[in-house]
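**Student:** Contents of upload_3.cif (mmCIF, C-alpha atoms):
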data_model
loop_
_atom_site.label_atom_id
_atom_site.label_comp_id
_atom_site.auth_asym_id
_atom_site.auth_seq_id
_atom_site.Cartn_x
_atom_site.Cartn_y
_atom_site.Cartn_z
CA MET D 183 -14.89 -1.40 2.45
CA PRO D 184 -13.46 -1.65 5.98
CA ASN D 185 -15.35 0.17 8.72
CA GLN D 186 -13.50 3.40 9.40
CA SER D 187 -16.09 5.05 11.64
CA ARG D 188 -14.24 4.30 14.87
CA PRO D 189 -11.79 7.08 15.81
CA LYS D 190 -8.24 6.08 14.89
CA VAL D 191 -6.81 7.04 18.30
CA LYS D 192 -9.34 4.95 20.21
CA LYS D 193 -8.81 2.05 17.83
CA SER D 194 -5.04 2.39 18.25
CA ARG D 195 -5.31 2.18 22.03
CA ALA D 196 -7.67 -0.81 21.86
CA LEU D 197 -5.24 -2.73 19.64
CA GLY D 198 -2.08 -1.58 21.39
CA ILE D 199 -0.47 -0.04 18.28
CA ALA D 200 -0.39 3.47 16.81
CA LEU D 201 -2.21 3.32 13.46
CA THR D 202 -1.42 6.89 12.44
CA PRO D 203 1.40 9.36 13.24
CA LYS D 204 -1.18 11.54 15.01
CA ALA D 205 -2.14 8.63 17.26
CA VAL D 206 1.43 8.13 18.48
CA LYS D 207 1.44 10.95 21.06
CA TYR D 208 -2.01 10.02 22.36
CA PHE D 209 -1.03 6.38 22.59
CA GLU D 210 2.16 7.24 24.48
CA ALA D 211 0.15 9.28 26.98
CA ARG D 212 -2.51 6.59 27.44
CA PRO D 213 -0.95 3.19 26.67
CA TYR D 214 -4.00 1.28 27.84
CA PRO D 215 -7.32 0.41 26.19
CA PRO D 216 -10.04 3.12 26.04
CA GLY D 217 -13.02 3.23 28.36
CA GLU D 218 -13.48 3.39 32.12
CA HIS D 219 -12.18 -0.15 32.55
CA GLY D 220 -9.21 0.32 30.23
CA ARG D 221 -6.62 0.22 33.02
CA GLY D 222 -8.09 -2.83 34.73
CA ARG D 223 -6.48 -6.23 34.48
CA LYS D 224 -8.05 -8.50 31.92
CA GLN D 225 -7.70 -12.23 31.62
CA ASN D 226 -6.96 -13.19 28.04
CA SER D 227 -7.83 -16.60 26.68
CA ASP D 228 -5.66 -18.18 23.98
CA TYR D 229 -8.45 -17.44 21.50
CA LYS D 230 -8.62 -13.78 22.50
CA VAL D 231 -4.83 -13.35 22.19
CA ARG D 232 -4.90 -14.79 18.66
CA LEU D 233 -7.96 -12.77 17.71
CA LEU D 234 -6.32 -9.55 18.88
CA GLU D 235 -3.18 -10.29 16.86
CA LYS D 236 -5.28 -10.91 13.75
CA GLN D 237 -7.15 -7.65 14.31
CA ARG D 238 -3.87 -5.77 14.77
CA LEU D 239 -2.57 -7.03 11.44
CA ARG D 240 -5.86 -6.26 9.71
CA ALA D 241 -5.88 -2.73 11.11
CA GLN D 242 -2.36 -1.94 9.94
CA TYR D 243 -3.40 -2.69 6.36
CA ASP D 244 -6.97 -1.37 6.83
CA ILE D 245 -8.54 -4.41 5.19
CA SER D 246 -11.77 -6.32 5.69
CA GLU D 247 -12.02 -9.74 7.28
CA ARG D 248 -12.84 -11.21 3.88
CA GLN D 249 -9.70 -9.72 2.33
CA MET D 250 -7.64 -11.02 5.24
CA ALA D 251 -9.03 -14.55 4.89
CA ARG D 252 -8.31 -14.54 1.15
CA ALA D 253 -4.73 -13.42 1.76
CA TYR D 254 -4.35 -16.23 4.31
CA ASP D 255 -5.64 -18.78 1.79
CA ARG D 256 -3.05 -17.62 -0.75
CA ALA D 257 -0.30 -17.66 1.90
CA LYS D 258 -1.08 -21.28 2.77
CA LYS D 259 -0.20 -22.27 -0.79
CA ALA D 260 3.11 -20.40 -0.80
CA GLU D 261 6.48 -21.93 0.02
CA GLY D 262 7.98 -21.38 3.45
CA LYS D 263 6.25 -20.27 6.63
CA THR D 264 2.59 -19.38 6.19
CA GLY D 265 2.75 -16.45 8.62
CA GLU D 266 5.63 -14.78 6.84
CA ALA D 267 4.00 -15.42 3.46
CA LEU D 268 0.81 -13.78 4.77
CA VAL D 269 2.57 -10.55 5.74
CA VAL D 270 4.44 -10.48 2.42
CA GLU D 271 1.14 -11.05 0.61
CA LEU D 272 -0.41 -8.05 2.37
CA GLU D 273 2.66 -5.89 1.85
CA ARG D 274 2.40 -6.31 -1.91
CA ARG D 275 -0.95 -4.50 -1.93
CA LEU D 276 -0.81 -1.29 -3.95
CA ASP D 277 -2.04 0.93 -1.12
CA ALA D 278 0.53 -0.51 1.30
CA LEU D 279 3.40 0.21 -1.08
CA VAL D 280 2.12 3.73 -1.81
CA LEU D 281 2.39 4.28 1.94
CA ARG D 282 5.86 2.73 2.26
CA SER D 283 7.18 4.82 -0.65
CA GLY D 284 6.46 8.10 1.15
CA ILE D 285 3.81 9.23 -1.34
CA ALA D 286 1.16 8.92 1.40
CA ARG D 287 1.31 9.63 5.13
CA THR D 288 -1.10 6.92 6.32
CA ILE D 289 -2.64 3.75 4.94
CA TYR D 290 -5.99 5.57 4.88
CA GLN D 291 -4.59 8.34 2.68
CA ALA D 292 -2.87 5.78 0.44
CA ARG D 293 -6.15 3.91 -0.04
CA GLN D 294 -7.92 7.15 -0.94
CA MET D 295 -5.24 8.08 -3.49
CA VAL D 296 -5.67 4.73 -5.22
CA VAL D 297 -9.48 4.67 -5.11
CA HIS D 298 -9.69 8.20 -6.56
CA GLY D 299 -7.65 7.16 -9.56
CA HIS D 300 -4.47 9.12 -8.86
CA ILE D 301 -2.12 6.12 -9.17
CA GLU D 302 -0.94 4.19 -12.21
CA VAL D 303 1.02 0.94 -12.52
CA ASN D 304 3.18 0.38 -15.59
CA GLY D 305 1.43 3.27 -17.33
CA GLY D 306 -2.14 2.15 -16.66
CA LYS D 307 -4.54 3.59 -14.06
CA VAL D 308 -5.29 1.24 -11.16
CA ASP D 309 -8.04 2.16 -8.69
CA LYS D 310 -8.09 -1.03 -6.60
CA PRO D 311 -6.10 -0.77 -3.34
CA SER D 312 -5.87 -4.57 -3.22
CA PHE D 313 -4.00 -4.71 -6.56
CA ARG D 314 -0.98 -6.96 -6.03
CA VAL D 315 2.22 -5.30 -7.19
CA ARG D 316 4.83 -7.61 -8.71
CA PRO D 317 8.61 -7.24 -8.82
CA ASP D 318 9.73 -4.74 -11.50
CA ASP D 319 6.31 -3.05 -11.58
CA VAL D 320 6.64 0.75 -11.75
CA VAL D 321 4.09 2.74 -9.76
CA MET D 322 3.65 6.48 -10.10
CA VAL D 323 1.23 9.34 -9.55
CA ARG D 324 -0.67 10.18 -12.72
CA GLU D 325 0.43 13.33 -14.51
CA ARG D 326 -2.98 15.00 -14.11
CA SER D 327 -2.89 14.53 -10.31
CA ARG D 328 0.58 15.79 -9.49
CA ALA D 329 -0.39 19.41 -8.86
CA LYS D 330 -2.71 18.41 -6.00
CA HIS D 331 -1.56 19.46 -2.54
CA PRO D 332 -0.92 15.99 -1.00
CA PHE D 333 1.37 15.07 -3.89
CA GLN D 334 3.24 18.36 -3.68
CA VAL D 335 3.86 17.61 0.01
CA ALA D 336 5.04 14.10 -0.90
CA MET D 337 7.32 15.44 -3.62
CA ALA D 338 8.97 17.71 -1.06
CA GLY D 339 9.55 14.72 1.22
CA GLY D 340 6.83 15.72 3.67
CA TYR D 341 5.71 12.13 4.31
CA ALA D 342 9.04 10.37 3.89
CA GLY D 343 10.09 11.21 7.43
CA GLU D 344 7.36 9.02 8.92
CA GLY D 345 9.45 5.90 8.35
CA GLU D 346 12.51 4.52 6.60
CA THR D 347 11.98 3.46 3.00
CA PRO D 348 12.15 -0.35 2.82
CA ARG D 349 14.99 -1.88 0.83
CA TYR D 350 12.66 -3.68 -1.56
CA LEU D 351 11.55 -0.35 -3.05
CA GLN D 352 13.40 2.03 -5.35
CA VAL D 353 11.78 5.42 -4.75
CA ASN D 354 12.04 8.72 -6.63
CA LEU D 355 9.86 11.21 -4.79
CA GLN D 356 10.75 14.02 -7.20
CA ALA D 357 9.11 11.93 -9.91
CA LEU D 358 6.41 10.66 -7.50
CA ALA D 359 7.32 7.15 -8.59
CA PHE D 360 8.70 3.90 -7.21
CA ARG D 361 9.51 0.39 -8.32
CA LEU D 362 9.16 -2.88 -6.43
CA ASP D 363 12.59 -4.42 -6.91
CA ARG D 364 11.77 -7.79 -5.37
CA ASP D 365 9.42 -9.53 -2.99
CA PRO D 366 9.83 -8.18 0.56
CA ASN D 367 11.36 -10.24 3.36
CA ARG D 368 9.26 -10.43 6.50
CA LYS D 369 11.96 -8.86 8.68
CA GLU D 370 12.02 -5.80 6.40
CA ILE D 371 8.29 -5.13 6.60
CA PRO D 372 7.49 -2.47 9.23
CA VAL D 373 4.35 -3.98 10.75
CA ILE D 374 3.92 -4.95 14.40
CA CYS D 375 2.62 -8.49 14.48
CA ASP D 376 3.31 -12.00 15.73
CA GLU D 377 2.12 -13.60 12.51
CA GLN D 378 2.33 -17.12 13.97
CA LEU D 379 -0.57 -16.23 16.28
CA VAL D 380 -2.56 -15.12 13.23
CA VAL D 381 -1.89 -18.45 11.54
CA GLU D 382 -3.00 -20.26 14.70
CA TYR D 383 -6.20 -18.18 14.71
CA TYR D 384 -7.15 -19.27 11.19
CA ALA D 385 -5.97 -22.86 11.68
CA ARG D 386 -8.11 -23.41 14.78
#
Can I see the file as structure tokens?

**Tutor:**
Amino acid sequence: MPNQSRPKVKKSRALGIALTPKAVKYFEARPYPPGEHGRGRKQNSDYKVRLLEKQRLRAQYDISERQMARAYDRAKKAEGKTGEALVVELERRLDALVLRSGIARTIYQARQMVVHGHIEVNGGKVDKPSFRVRPDDVVMVRERSRAKHPFQVAMAGGYAGEGETPRYLQVNLQALAFRLDRDPNRKEIPVICDEQLVVEYYAR
């Protein structure tokens, strides 16, 4: 399980990206790393630049280093550019798509929904956030969970305003359900990352 003990706002500022909607206003007010030396100029080596980009991508999906390395290994075997295949690989995670659909507000909430058994895929309960959703899979909130407050908020569109629903998803928030129509294209995936730097990090 990824280490979530570090405050999200501080982590956002260290990585240079807002990891939660709440972090956005803090990040805009203090767009420099945390700590007394946060505003100072730092010399970045090529290794450090690539490491930071890898950490940024990891943080946006809230995954462990081991999970990231496995996704990279699968991406290397895919057709096309490895970096783009890596981001697509991560985007097909169940927790990531629960977030994109508007059922969850953050990746952390999406992970919790899956782990606690509130989500089903094609009629069967799935409690692994790393589950890889395939085109035409139907994902929905289980009937027994729908009365819970977070899902009532989602049903009313309370989380949908955090971002535009990607074109690769067909979403019905009233039914608390969505379908992955096709594999995402990299340019459609709303993550901030220069994936080529991540590839260079692992290829070093």

**Student:** Apply the PyMOL selection byres ((chain D and resi 291-303) around 9) to the structure shown and report the selected residues as an MDAnalysis selection string.

**Tutor:** chainID D and resid 244 276:281 285:290 304:311 315 319:328

**Student:** Per residue of segment 316-347 of chain D within 10 Å of segment 364-372 of chain D, record the nearest atom pair and its distance in Å to one decimal, counting only C-alpha atoms, with rows in chain order and ascending residue number, as a tab-separated table.

**Tutor:**
residue	atom	partner	partner_atom	distance
D:Arg316	CA	D:Asp365	CA	7.6
D:Pro317	CA	D:Arg364	CA	4.7
D:Asp318	CA	D:Arg364	CA	7.1
D:Asp319	CA	D:Arg364	CA	9.5
D:Gly345	CA	D:Pro372	CA	8.6
D:Glu346	CA	D:Pro372	CA	9.0
D:Thr347	CA	D:Pro372	CA	9.7

**Student:** Using all atoms listed in the file, find the one residue out of D:Gly340, D:Leu358, D:Ile374, D:Lys230 that sits nearest to Ile199 of chain D.

**Tutor:** D:Ile374

**Student:** Quick one: pull the distance between atom CA of Gly262 of chain D and atom CA of Leu379 of chain D, Å, one decimal.

**Tutor:**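 Atom CA of Gly262 of chain D sits 16.3 Å away from atom CA of Leu379 of chain D.
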
**Student:** At what distance in Å, to one decimal, does atom CA of Arg195 of chain D lie from atom CA of Arg238 of chain D?

**Tutor:**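 Atom CA of Arg195 of chain D lies at a distance of 10.9 Å from atom CA of Arg238 of chain D.
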
**Student:** So how many Å separate atom CA of Leu355 of chain D and atom CA of Arg314 of chain D, to one decimal?

**Tutor:** 21.2 Å

**Student:** How would you write as a ChimeraX atom specification the residues that get within 6 Å of (0.1, -21.0, 6.6) in the file's frame, counting all atoms listed in the file?

**Tutor:** /D:257-258,264-265,381
